[in-house]
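Asks: Below is one structure. I have some questions about it.
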Amino acid sequence: MAKKTGDPFSKLEQERNRKDSGFGTATTSTRARLILPDGRFNVMRNGQSFSARLNLYHRLITMPVFEFVLVIALAYFLVNLVFAGIYYSIGLEHLSGIDEQTKFISPFWGAFFFSSQTLTTVGYGHISPLGSLTNVVAAIEALLGLMMFALITGLVYGRFSTPSPKILFSQHLLVSPYLDMNGLMFRVVNERNSQLINTSVNLMMSRNEADSTGKLIRKYYNLALERDFIQFFSTSWTVVHPITPESPFFNETPESLAASDTEILVALEGHNDAYSNSVHVRTSYLYSEFVWGRKFVPILSEKGNGYLIDLNKINETVEAPLNV
């Protein structure tokens with residue numbers, strides 16, 4: 001029996017078969033892309049709790065090295081500053097030997113450097129606490145120092161143990177002649193000397209379309225590739241989607257892509273043999289980043305008994321008329 005148009009089971013089957021990148025169908029803005037070029041999702045959140053918004057561990061693990069060192073140094077300075085103020089308020093007479101050590105610096109900074117020695121448990125012995133209150137403060141600071149440096153050690157280990165892939169994507173996505181047809185292609189290179197094996201890539205086309213009621217929704221299409229898997233990612237890889245009559249990109253023009261807010265979502269996954277774990281990277285190409293009628297210049301050449309990859313040429317292209 002033929003299914004009726006309004007059959008809820010037919011609609012359920014259509015919904016199950018609908019492709020979705022995880023962004024849903026309501027993201028129809030023509031002013032914002034779904035995935036930023038650096039791989040971050042272009043999604044902001046409102047109504048988060050303070051801890052979720054702060055996400056301190058993730059920030060410390062992922063921030064640039066210079067910022068991480070600056071944060072650690074600042075935290076170290078502030079903790080010592082606070083305890084120096086406590087020692088100073090208790091009275092420097094409760095720090096034995098501080099008069100001898102502060103001939104050329106102010107008493108407060110003498111307390112500051114005593115705090116740094118206590119926090120790091122170095123304890124040179126030239127200055128020592130006197131009295132119950134000062135000893136209690138010094139003991140608390142020593143315990144805080146042990147905990148603080150244990151946390152810093154864990155963060156440093158986390159930063160070094162977490163793989164940071166340097167996968168370079170070409171700046172533009174090209175529409176180029178391919179065999180006796182045309183193809184959608186971009187180039188990707190592993191910048192690091194570490195090797196990726198069993199590398200796969202997935203392309204999804206995202207665009208706005210009108211549904212049966214005329215409502216504009218976001219739809220997604222998987223793009224079949226010439227090759228979506230390579231065993232050894234040792235040089236460069238030009239990922240190609242052949243534009244066949246079955247392709248959702250068939251008969252598209254720069255104007256139609258702009259009108260539908262087309263975006264190509266890229267997800268690449270491989271196994272890093274140095275870290276022995278998986279590497280995941282993402283990027284996207286918006287319709288304004290498509291270049292028509294050009295092809296990439298070779299990036300690989302011979303050098304001596306080996307091969308040379310010139311990363312400076314990853315974005316270099318030459319004119320190439322499209323097949324009609």
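Ordering of the structure tokens sets the chain letters (A, B, ...), residue numbers begin anew at 1 in every chain, and ligands are numbered from 1 in the order given.
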If we count only C-alpha atoms and set the cut-off at 9 Å, which residues sit around Glu209 of chain A, ignoring sequence neighbours fewer than 2 positions away in its own chain? Please answer as number ranges by chain.

Replies: A: 207, 211, 214-219, 260

Asks: Could the residues of segment 243-279 of chain A that have an atom at most 10 Å from segment 170-194 of chain A be listed as CSV, each with its closest atom pair and the distance in Å to one decimal, counting only C-alpha atoms and ordered by chain and ascending residue number?

Replies:
residue,atom,partner,partner_atom,distance
A:Ile243,CA,A:Gly183,CA,5.1
A:Thr244,CA,A:Met181,CA,7.5
A:Phe249,CA,A:Leu184,CA,8.6
A:Phe250,CA,A:Asn182,CA,9.5
A:Ile264,CA,A:Leu173,CA,8.9
A:Leu268,CA,A:Val188,CA,9.6
A:Asn272,CA,A:Ser194,CA,7.1
A:Asp273,CA,A:Ser194,CA,7.2
A:Ala274,CA,A:Ser194,CA,6.2
A:Tyr275,CA,A:Ser194,CA,9.0

Asks: Kindly export the residues of the current selection with N, CA and C atoms, as a compact mmCIF listing (two decimals), in the first residue's frame.

Replies:
# COMPACT_ATOMS: atom_id res chain seq x y z
N ILE A 243 32.64 16.39 -9.34
CA ILE A 243 31.31 16.99 -9.53
C ILE A 243 30.60 16.24 -10.64
N THR A 244 29.98 15.15 -10.26
CA THR A 244 29.21 14.33 -11.19
C THR A 244 27.75 14.79 -11.18
N PHE A 249 26.60 19.41 -5.68
CA PHE A 249 27.28 20.61 -6.15
C PHE A 249 27.09 20.79 -7.66
N PHE A 250 26.46 19.81 -8.31
CA PHE A 250 26.32 19.85 -9.77
C PHE A 250 25.46 21.05 -10.19
N ILE A 264 31.25 24.27 3.15
CA ILE A 264 31.77 22.91 3.11
C ILE A 264 32.46 22.62 4.43
N LEU A 268 38.89 15.77 9.50
CA LEU A 268 40.00 14.85 9.19
C LEU A 268 40.42 14.13 10.46
N ASN A 272 48.30 9.26 15.17
CA ASN A 272 49.64 9.80 15.34
C ASN A 272 50.53 8.72 15.94
N ASP A 273 51.58 8.31 15.18
CA ASP A 273 52.41 7.21 15.66
C ASP A 273 53.35 7.64 16.78
N ALA A 274 53.60 8.95 16.93
CA ALA A 274 54.48 9.42 18.01
C ALA A 274 53.76 9.37 19.36
N TYR A 275 52.48 9.80 19.38
CA TYR A 275 51.70 9.80 20.61
C TYR A 275 50.86 8.54 20.76

Asks: Between segment 107-180 of chain A and segment 48-63 of chain A, at 12 Å or less, what are the per-residue closest atom pairs and their distances in Å? Count only C-alpha atoms, order by chain and rising residue number, and return it as a Markdown table.

Replies:
| residue | atom | partner | partner_atom | distance |
| --- | --- | --- | --- | --- |
| A:Leu151 | CA | A:Tyr57 | CA | 10.2 |
| A:Ile152 | CA | A:Leu60 | CA | 9.9 |
| A:Thr153 | CA | A:Ile61 | CA | 11.9 |
| A:Gly154 | CA | A:Ile61 | CA | 10.0 |
| A:Leu155 | CA | A:Ile61 | CA | 6.6 |
| A:Val156 | CA | A:Ile61 | CA | 8.1 |
| A:Tyr157 | CA | A:Ile61 | CA | 9.5 |
| A:Gly158 | CA | A:Ile61 | CA | 6.7 |
| A:Arg159 | CA | A:Ile61 | CA | 5.5 |
| A:Phe160 | CA | A:Ile61 | CA | 9.3 |
| A:Ser161 | CA | A:Ile61 | CA | 10.3 |
| A:Thr162 | CA | A:Ile61 | CA | 8.6 |
| A:Pro163 | CA | A:Thr62 | CA | 10.8 |
| A:Ser164 | CA | A:Thr62 | CA | 9.3 |

Asks: Write the residues of the preceding selection, restricted to N, CA, C and O atoms, as an mmCIF file, in the first residue's frame.

Replies:
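Saved result, part.cif, follows:
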data_model
loop_
_atom_site.group_PDB
_atom_site.id
_atom_site.type_symbol
_atom_site.label_atom_id
_atom_site.label_comp_id
_atom_site.auth_asym_id
_atom_site.auth_seq_id
_atom_site.Cartn_x
_atom_site.Cartn_y
_atom_site.Cartn_z
ATOM 1 N N LEU A 151 49.633 20.711 41.160
ATOM 2 C CA LEU A 151 48.677 21.081 40.107
ATOM 3 C C LEU A 151 49.400 21.593 38.864
ATOM 4 O O LEU A 151 49.043 21.248 37.735
ATOM 5 N N ILE A 152 50.430 22.424 39.076
ATOM 6 C CA ILE A 152 51.191 22.949 37.934
ATOM 7 C C ILE A 152 51.876 21.817 37.187
ATOM 8 O O ILE A 152 51.899 21.786 35.947
ATOM 9 N N THR A 153 52.421 20.853 37.923
ATOM 10 C CA THR A 153 53.060 19.686 37.282
ATOM 11 C C THR A 153 52.060 18.913 36.439
ATOM 12 O O THR A 153 52.360 18.501 35.316
ATOM 13 N N GLY A 154 50.841 18.743 36.978
ATOM 14 C CA GLY A 154 49.802 18.049 36.214
ATOM 15 C C GLY A 154 49.414 18.808 34.963
ATOM 16 O O GLY A 154 49.200 18.210 33.900
ATOM 17 N N LEU A 155 49.334 20.133 35.063
ATOM 18 C CA LEU A 155 48.992 20.947 33.890
ATOM 19 C C LEU A 155 50.090 20.881 32.835
ATOM 20 O O LEU A 155 49.807 20.767 31.635
ATOM 21 N N VAL A 156 51.346 20.956 33.269
ATOM 22 C CA VAL A 156 52.458 20.877 32.316
ATOM 23 C C VAL A 156 52.469 19.517 31.631
ATOM 24 O O VAL A 156 52.642 19.415 30.411
ATOM 25 N N TYR A 157 52.245 18.450 32.408
ATOM 26 C CA TYR A 157 52.189 17.113 31.816
ATOM 27 C C TYR A 157 51.018 17.009 30.843
ATOM 28 O O TYR A 157 51.142 16.448 29.748
ATOM 29 N N GLY A 158 49.870 17.573 31.239
ATOM 30 C CA GLY A 158 48.702 17.532 30.363
ATOM 31 C C GLY A 158 48.948 18.250 29.049
ATOM 32 O O GLY A 158 48.521 17.788 27.986
ATOM 33 N N ARG A 159 49.662 19.379 29.110
ATOM 34 C CA ARG A 159 49.954 20.124 27.887
ATOM 35 C C ARG A 159 50.909 19.351 26.983
ATOM 36 O O ARG A 159 50.753 19.330 25.772
ATOM 37 N N PHE A 160 51.924 18.700 27.583
ATOM 38 C CA PHE A 160 52.890 17.968 26.777
ATOM 39 C C PHE A 160 52.343 16.641 26.272
ATOM 40 O O PHE A 160 52.739 16.164 25.203
ATOM 41 N N SER A 161 51.446 16.029 27.047
ATOM 42 C CA SER A 161 50.925 14.718 26.650
ATOM 43 C C SER A 161 49.761 14.821 25.678
ATOM 44 O O SER A 161 49.401 13.837 25.033
ATOM 45 N N THR A 162 49.163 16.009 25.580
ATOM 46 C CA THR A 162 48.061 16.192 24.638
ATOM 47 C C THR A 162 48.616 16.544 23.264
ATOM 48 O O THR A 162 49.337 17.536 23.127
ATOM 49 N N PRO A 163 48.319 15.739 22.244
ATOM 50 C CA PRO A 163 48.857 16.039 20.913
ATOM 51 C C PRO A 163 48.284 17.339 20.374
ATOM 52 O O PRO A 163 47.099 17.622 20.525
ATOM 53 N N SER A 164 49.146 18.137 19.782
ATOM 54 C CA SER A 164 48.709 19.384 19.159
ATOM 55 C C SER A 164 49.058 19.307 17.680
ATOM 56 O O SER A 164 50.145 19.734 17.280
#

Asks: Quick one: everything within 9 Å of Thr118 of chain A, counting only C-alpha atoms, minus sequence neighbours fewer than 4 positions away in the same chain. Send it as a list in words.

Replies: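 Near neighbours after the sequence-gap exclusion: Phe113, Phe114, Val122, Gly123, Ala138, Ala139, Glu141, Ala142 and Gly145 of chain A.
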
Asks: May I have the residues from that selection written out with N, CA, C and O atoms, as a compact mmCIF listing (two decimals), in the first residue's frame?

Replies:
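Result file follows (part-v2.txt):
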# COMPACT_ATOMS: atom_id res chain seq x y z
N PHE A 113 60.37 37.38 49.98
CA PHE A 113 61.31 36.34 49.58
C PHE A 113 61.30 35.18 50.57
O PHE A 113 61.54 34.02 50.18
N PHE A 114 61.03 35.45 51.86
CA PHE A 114 60.85 34.35 52.81
C PHE A 114 59.62 33.53 52.42
O PHE A 114 59.62 32.28 52.51
N VAL A 122 61.92 25.43 49.75
CA VAL A 122 63.38 25.50 49.64
C VAL A 122 63.99 25.67 51.02
O VAL A 122 64.88 24.91 51.42
N GLY A 123 63.52 26.68 51.76
CA GLY A 123 63.95 26.87 53.15
C GLY A 123 65.44 26.97 53.33
O GLY A 123 66.08 26.05 53.84
N ALA A 138 53.19 29.76 58.15
CA ALA A 138 54.24 29.15 57.34
C ALA A 138 53.87 27.70 56.97
O ALA A 138 54.12 27.25 55.85
N ALA A 139 53.27 26.98 57.92
CA ALA A 139 52.87 25.59 57.65
C ALA A 139 51.77 25.55 56.60
O ALA A 139 51.78 24.70 55.70
N GLU A 141 51.24 27.79 54.30
CA GLU A 141 51.83 28.18 53.01
C GLU A 141 52.61 27.02 52.41
O GLU A 141 52.58 26.81 51.19
N ALA A 142 53.33 26.27 53.23
CA ALA A 142 54.09 25.12 52.72
C ALA A 142 53.15 24.07 52.13
O ALA A 142 53.43 23.50 51.07
N GLY A 145 51.88 25.37 48.90
CA GLY A 145 52.93 25.25 47.89
C GLY A 145 53.01 23.86 47.30
O GLY A 145 53.13 23.69 46.08

Asks: Excluding Val266 of chain A and any residue of its chain fewer than 4 positions from it, enumerate the residues within 6 Å of it, using only C-alpha atoms, and give them as a ChimeraX atom specification.

Replies: /A:202-203,282-284

Asks: Just to confirm, what's the straight-line distance from atom CA of Ser236 of chain A to atom CA of Ser288 of chain A in Å (one decimal)?

Replies: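 Pair atom CA of Ser236 of chain A / atom CA of Ser288 of chain A returns 24.3 Å.
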
Asks: Find the residue from A:Pro321, A:Pro248, A:Pro254, A:Pro37 that sits nearest to Phe169 of chain A; use only C-alpha atoms when measuring.

Replies: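 Of A:Pro321, A:Pro248, A:Pro254, A:Pro37, the one nearest Phe169 of chain A is A:Pro37, counting only C-alpha atoms.
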
Asks: As a PDB file with N, CA and C atoms, in the first residue's frame, please: the residues near Val137 of chain A (cut-off 9 Å, only C-alpha atoms, same-chain neighbours under 6 positions excluded).

Replies:
ATOM      1  N   PHE A  83      50.959  36.269  51.152  1.00  0.00           N
ATOM      2  CA  PHE A  83      51.586  35.761  52.378  1.00  0.00           C
ATOM      3  C   PHE A  83      52.607  36.752  52.931  1.00  0.00           C
ATOM      4  N   ILE A  86      50.675  39.009  54.970  1.00  0.00           N
ATOM      5  CA  ILE A  86      50.285  38.389  56.249  1.00  0.00           C
ATOM      6  C   ILE A  86      51.442  38.429  57.243  1.00  0.00           C
ATOM      7  N   TYR A  87      52.630  38.035  56.779  1.00  0.00           N
ATOM      8  CA  TYR A  87      53.802  38.069  57.670  1.00  0.00           C
ATOM      9  C   TYR A  87      54.087  39.499  58.140  1.00  0.00           C
TER      10      TYR A  87
END

Asks: Could you check which of A:Asn198, A:Pro298, A:Thr120, A:Glu252 is closest to Thr317 of chain A, using only C-alpha atoms?

Replies: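 Closest candidate: A:Pro298.
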